[in-house]
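One structure is given here, and the rest of the page talks about it.
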Amino acid sequence: MAINRAQTKKQLQEGLNAVFGLEYKQYPELWKDIFEMSKESKKAYVEDVLMSGFGAAPVKAEGSGVQYDSASEGYVSRYVFETIALAFALTEEAGEDNLYGDLGSRLSRALARSFQYTKNVKGANIANYAFTAGYTGGDGKVLCASDHPLQGGGTASNVLTTAADLSETAIEDLLIQIGDAVDDRGLPIPLMTKKLILPTELQFTGNRLLKSDGRVGTADNDINNIKAMNLISGGMAVNVYLTDPDAWFITTDCMDGLKYIERKAISKGIEGEFESGNMRYKARERYVFGWSNWRGIYGTPGS
C-alpha cells in the first residue's frame with residue numbers, strides 16, 4: 001500500500017515546527033570489527049574447505065627409508081547468500097502536497113538506515129549464537145566450543161576453559177589459550193590478537209582493563225601486563241547489537257576466520273507507476289556472514 005496524504009496529513013498544512021523521527025545519527029558498520037570482507041560475483045553459494053598440513057618431521061635413521069606423511073581435505077564451510085530487500089511507495093499527491101521538503105528523499109534515508117541496522121544485527125548474531133546449540137559451522141560445532149575436532153586427531157578449544165566474567169585474570173587466561181593454539185596436525189600457530197569485543201554493559205570495565213597502567217581493582221603496585229605488553233593491539237570494540245551482557249570475545253588474525261562475503265552491493269531504484277502516478281522506492285543487496293576457521297575468535301559466555 002502506498003503512503004498517502006491521510007498518513008501525512010499534518011505535513012500538508014503550514015504551521016509545523018519540525019517533522020522528526022525519520023533521521024537519526026547512525027551507528028557505524030560495527031560488524032567490520034569482527035569480520036573479514038570479500039566479494040563473490042557469480043555463484044549462489046561459496047564453500048571453504050579445510051586442508052590439513054603435515055605433522056612434525058621425524059628423525060630418519062641411517063640407511064632406513066624416509067617416512068611419508070599425507071595431507072587431506074577436512075570439513076567444508078558453505079556460505080549461502082541471502083537477499084535483503086525492502087521497498088515503499090508514495091502516492092503522487094502525497095509527494096506533491098507535502099510542504100516540508102522532499103518526502104521521498106527523507107523516506108529513502110530511513111530506508112538506508114533500515115539496511116544498515118539489518119547488517120549490523122546479522123553480523124552480531126554470529127557472536128550472539130556462538131555458544132548456542134544448533135548454530136554450527138562446518139566442523140559440526142558451535143563457533144565457540146571446547147571440542148572442535150582436529151584433522152590429525154584430538155580436539156581443540158576456543159572457549160575459555162572455565163566460563164568467567166570480564167576481568168584481568170579472565171583476559172590473561174584467554175590470551176594464554178590463544179597463545180597455545182595449534183593447527184589441525186598439532187603444530188603451534190603464532191596467532192596474534194586483534195580486538196576485545198564487548199557489549200555495551202562491559203565497556204567501562206573493558207576500558208579500565210586495557211588502559212590502566214596498574215592492575216585494576218587491587219592495591220598491588222604491579223603493572224597492567226595487558227597494556228604494558230600490548231597484548232590486544234586493536235583495543236576494544238563495543239557492539240550495541242550483542243545481546244548477552246556477560247559474553248565477551250577476542251578476535252585474532254587467523255586467516256579465513258570470520259567472514260562477510262558480499263554477493264551484490266546495495267542497489268537502489270525509483271520508478272513511477274503510469275496509471276496511479278505512485279512512486280516506488282526499492283533497495284536490495286545480497287550477502288552472508290559466517291566462519292570457516294573457528295580460530296578467528298575466542299570467547300566466553302561469562303559466568
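Residue names in the C-alpha cells use chain letters A, B, ... in the order shown, residue numbers from 1 in each chain, and ligand numbers from 1 in the order shown.
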If we count only C-alpha atoms and set the cut-off at 8 Å, which residues sit around Phe131 in chain A, ignoring sequence neighbours fewer than 2 positions away in its own chain? Please answer as a list of chain:residue names. A:Asn128, A:Tyr129, A:Ala133, A:Val142, A:Leu143, A:Cys144, A:Ala145, A:Pro301
Deliver the residues from the most recent selection as a file, using C-alpha atoms, as a JSON list (two decimals), in the first residue's frame.
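Below is the file part_24.json, written as the result:
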```json
[["chain", "number", "residue", "atom", "x", "y", "z"],
["A", 128, "ASN", "CA", 25.23, -13.87, 19.85],
["A", 129, "TYR", "CA", 24.77, -17.54, 18.91],
["A", 133, "ALA", "CA", 23.43, -25.44, 20.34],
["A", 142, "VAL", "CA", 29.15, -24.09, 17.52],
["A", 143, "LEU", "CA", 31.51, -21.19, 16.86],
["A", 144, "CYS", "CA", 32.97, -21.11, 20.38],
["A", 145, "ALA", "CA", 33.35, -24.69, 21.58],
["A", 301, "PRO", "CA", 29.59, -16.53, 27.76]]
```
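When the distance limit is 10 Å and only C-alpha atoms are what count, the residues near Pro190 in chain A, minus those fewer than 3 positions from it on the same chain, are Ile178, Gly179, Asp180, Ala181, Val182, Leu187, Thr193, Asp253 and Cys254 of chain A.
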Grab the residues selected above and save them as an mmCIF file, in the first residue's frame with C-alpha atoms.
```cif
data_model
loop_
_atom_site.group_PDB
_atom_site.id
_atom_site.type_symbol
_atom_site.label_atom_id
_atom_site.label_comp_id
_atom_site.auth_asym_id
_atom_site.auth_seq_id
_atom_site.Cartn_x
_atom_site.Cartn_y
_atom_site.Cartn_z
ATOM 1 C CA ILE A 178 45.211 -18.191 22.216
ATOM 2 C CA GLY A 179 48.967 -18.366 22.623
ATOM 3 C CA ASP A 180 48.760 -22.170 22.867
ATOM 4 C CA ALA A 181 46.757 -22.538 19.621
ATOM 5 C CA VAL A 182 47.678 -25.405 17.273
ATOM 6 C CA LEU A 187 51.700 -27.757 15.289
ATOM 7 C CA THR A 193 45.174 -10.994 18.998
ATOM 8 C CA ASP A 253 44.497 -12.597 12.878
ATOM 9 C CA CYS A 254 43.731 -16.197 11.857
#
```
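One distance worth recording is that between CA of Ser105 in chain A and CA of Glu273 in chain A, which is 17.7 Å.
In terms of minimum interatomic distance to Tyr287 in chain A, A:Val46 ranks closest within A:Ala110, A:Ala56, A:Ile223, A:Val46, counting only C-alpha atoms.
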Compile the contact shell of Phe289 in chain A as a ChimeraX atom specification: residues with an atom at most 9 Å away, counting only C-alpha atoms, same-chain residues fewer than 2 positions apart removed. /A:35,79,81,122-123,126,258-262,287,291
Selected residues written out, N, CA and C atoms, as a short mmCIF file (atom, residue, chain, number, x, y, z; two decimals), in the first residue's frame:
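The resulting file, selection09.cif, is reproduced below:
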```
data_model
loop_
_atom_site.label_atom_id
_atom_site.label_comp_id
_atom_site.auth_asym_id
_atom_site.auth_seq_id
_atom_site.Cartn_x
_atom_site.Cartn_y
_atom_site.Cartn_z
N PHE A 35 34.63 -9.12 11.31
CA PHE A 35 34.65 -9.94 10.10
C PHE A 35 35.64 -9.44 9.05
N TYR A 79 28.77 -21.02 2.44
CA TYR A 79 28.17 -19.71 2.60
C TYR A 79 27.08 -19.53 1.56
N PHE A 81 24.21 -17.25 0.07
CA PHE A 81 23.87 -15.82 0.08
C PHE A 81 22.39 -15.58 0.34
N LYS A 122 22.74 -8.90 11.78
CA LYS A 122 23.15 -10.20 11.24
C LYS A 122 24.61 -10.51 11.59
N GLY A 123 25.47 -9.49 11.53
CA GLY A 123 26.84 -9.71 11.92
C GLY A 123 26.98 -10.04 13.39
N ILE A 126 26.20 -13.70 14.74
CA ILE A 126 27.20 -14.77 14.69
C ILE A 126 27.82 -14.93 16.08
N LEU A 258 36.38 -15.42 10.62
CA LEU A 258 35.00 -14.94 10.48
C LEU A 258 34.89 -14.09 9.22
N LYS A 259 33.87 -14.38 8.41
CA LYS A 259 33.80 -13.78 7.09
C LYS A 259 32.46 -13.11 6.80
N TYR A 260 32.57 -11.98 6.10
CA TYR A 260 31.42 -11.35 5.45
C TYR A 260 31.71 -11.40 3.96
N ILE A 261 30.83 -12.05 3.20
CA ILE A 261 31.03 -12.16 1.76
C ILE A 261 29.87 -11.46 1.06
N GLU A 262 30.22 -10.52 0.21
CA GLU A 262 29.21 -9.72 -0.49
C GLU A 262 28.98 -10.30 -1.89
N TYR A 287 24.27 -10.83 0.62
CA TYR A 287 25.50 -11.09 1.35
C TYR A 287 25.27 -12.24 2.32
N TRP A 291 31.61 -18.27 9.27
CA TRP A 291 33.01 -18.51 9.62
C TRP A 291 33.48 -19.82 9.02
#
```
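CA of Phe204 in chain A is found 16.8 Å from CA of Tyr241 in chain A.
Nearest-residue note for Trp31 in chain A: choosing from A:Ile232, A:Val240, A:Leu160, A:Ile270, the minimum distance belongs to A:Val240, counting only C-alpha atoms.
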Could you write out, as a PyMOL selection string, all the residues of range 79-172 of chain A that DSSP marks as strand (DSSP E)? chain A and resi 79-80+82-90+148-149+155-156
For the selection you just gave me, I'd like the residues written to a file as a PDB file, in the first residue's frame, keeping N, CA and C atoms.
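File result06.pdb, as written:
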```pdb
ATOM      1  N   TYR A  79      28.769 -21.025   2.437  1.00  0.00           N
ATOM      2  CA  TYR A  79      28.168 -19.707   2.604  1.00  0.00           C
ATOM      3  C   TYR A  79      27.082 -19.529   1.556  1.00  0.00           C
ATOM      4  N   VAL A  80      25.826 -19.537   1.985  1.00  0.00           N
ATOM      5  CA  VAL A  80      24.688 -19.381   1.075  1.00  0.00           C
ATOM      6  C   VAL A  80      24.199 -17.941   1.174  1.00  0.00           C
ATOM      7  N   GLU A  82      22.119 -14.577   1.153  1.00  0.00           N
ATOM      8  CA  GLU A  82      20.759 -14.126   1.411  1.00  0.00           C
ATOM      9  C   GLU A  82      20.487 -12.853   0.622  1.00  0.00           C
ATOM     10  N   THR A  83      19.251 -12.659   0.266  1.00  0.00           N
ATOM     11  CA  THR A  83      18.831 -11.423  -0.390  1.00  0.00           C
ATOM     12  C   THR A  83      18.066 -10.578   0.625  1.00  0.00           C
ATOM     13  N   ILE A  84      18.530  -9.373   0.849  1.00  0.00           N
ATOM     14  CA  ILE A  84      17.884  -8.434   1.767  1.00  0.00           C
ATOM     15  C   ILE A  84      17.245  -7.344   0.916  1.00  0.00           C
ATOM     16  N   ALA A  85      15.956  -7.139   1.062  1.00  0.00           N
ATOM     17  CA  ALA A  85      15.262  -6.162   0.217  1.00  0.00           C
ATOM     18  C   ALA A  85      14.122  -5.515   0.994  1.00  0.00           C
ATOM     19  N   LEU A  86      13.852  -4.258   0.666  1.00  0.00           N
ATOM     20  CA  LEU A  86      12.753  -3.514   1.289  1.00  0.00           C
ATOM     21  C   LEU A  86      12.346  -2.392   0.342  1.00  0.00           C
ATOM     22  N   ALA A  87      11.059  -2.059   0.354  1.00  0.00           N
ATOM     23  CA  ALA A  87      10.567  -1.023  -0.551  1.00  0.00           C
ATOM     24  C   ALA A  87       9.435  -0.240   0.112  1.00  0.00           C
ATOM     25  N   PHE A  88       9.141   0.903  -0.445  1.00  0.00           N
ATOM     26  CA  PHE A  88       7.955   1.658  -0.044  1.00  0.00           C
ATOM     27  C   PHE A  88       7.426   2.400  -1.268  1.00  0.00           C
ATOM     28  N   ALA A  89       6.175   2.765  -1.203  1.00  0.00           N
ATOM     29  CA  ALA A  89       5.549   3.519  -2.296  1.00  0.00           C
ATOM     30  C   ALA A  89       4.912   4.781  -1.739  1.00  0.00           C
ATOM     31  N   LEU A  90       4.889   5.812  -2.561  1.00  0.00           N
ATOM     32  CA  LEU A  90       4.387   7.119  -2.157  1.00  0.00           C
ATOM     33  C   LEU A  90       3.432   7.615  -3.237  1.00  0.00           C
ATOM     34  N   HIS A 148      36.372 -28.654  19.295  1.00  0.00           N
ATOM     35  CA  HIS A 148      36.492 -28.645  17.844  1.00  0.00           C
ATOM     36  C   HIS A 148      37.391 -29.812  17.415  1.00  0.00           C
ATOM     37  N   PRO A 149      36.918 -30.693  16.543  1.00  0.00           N
ATOM     38  CA  PRO A 149      37.744 -31.842  16.144  1.00  0.00           C
ATOM     39  C   PRO A 149      38.906 -31.406  15.257  1.00  0.00           C
ATOM     40  N   THR A 155      41.031 -32.852  19.913  1.00  0.00           N
ATOM     41  CA  THR A 155      40.178 -31.670  19.808  1.00  0.00           C
ATOM     42  C   THR A 155      40.935 -30.435  20.289  1.00  0.00           C
ATOM     43  N   ALA A 156      40.370 -29.279  19.999  1.00  0.00           N
ATOM     44  CA  ALA A 156      40.928 -28.011  20.466  1.00  0.00           C
ATOM     45  C   ALA A 156      39.774 -27.089  20.845  1.00  0.00           C
TER      46      ALA A 156
END
```
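Each of A:Ser52, A:Asp222, A:Met229, A:Gly235 was compared to Leu210 in chain A using only C-alpha atoms, and A:Gly235 turns out to be the nearest.
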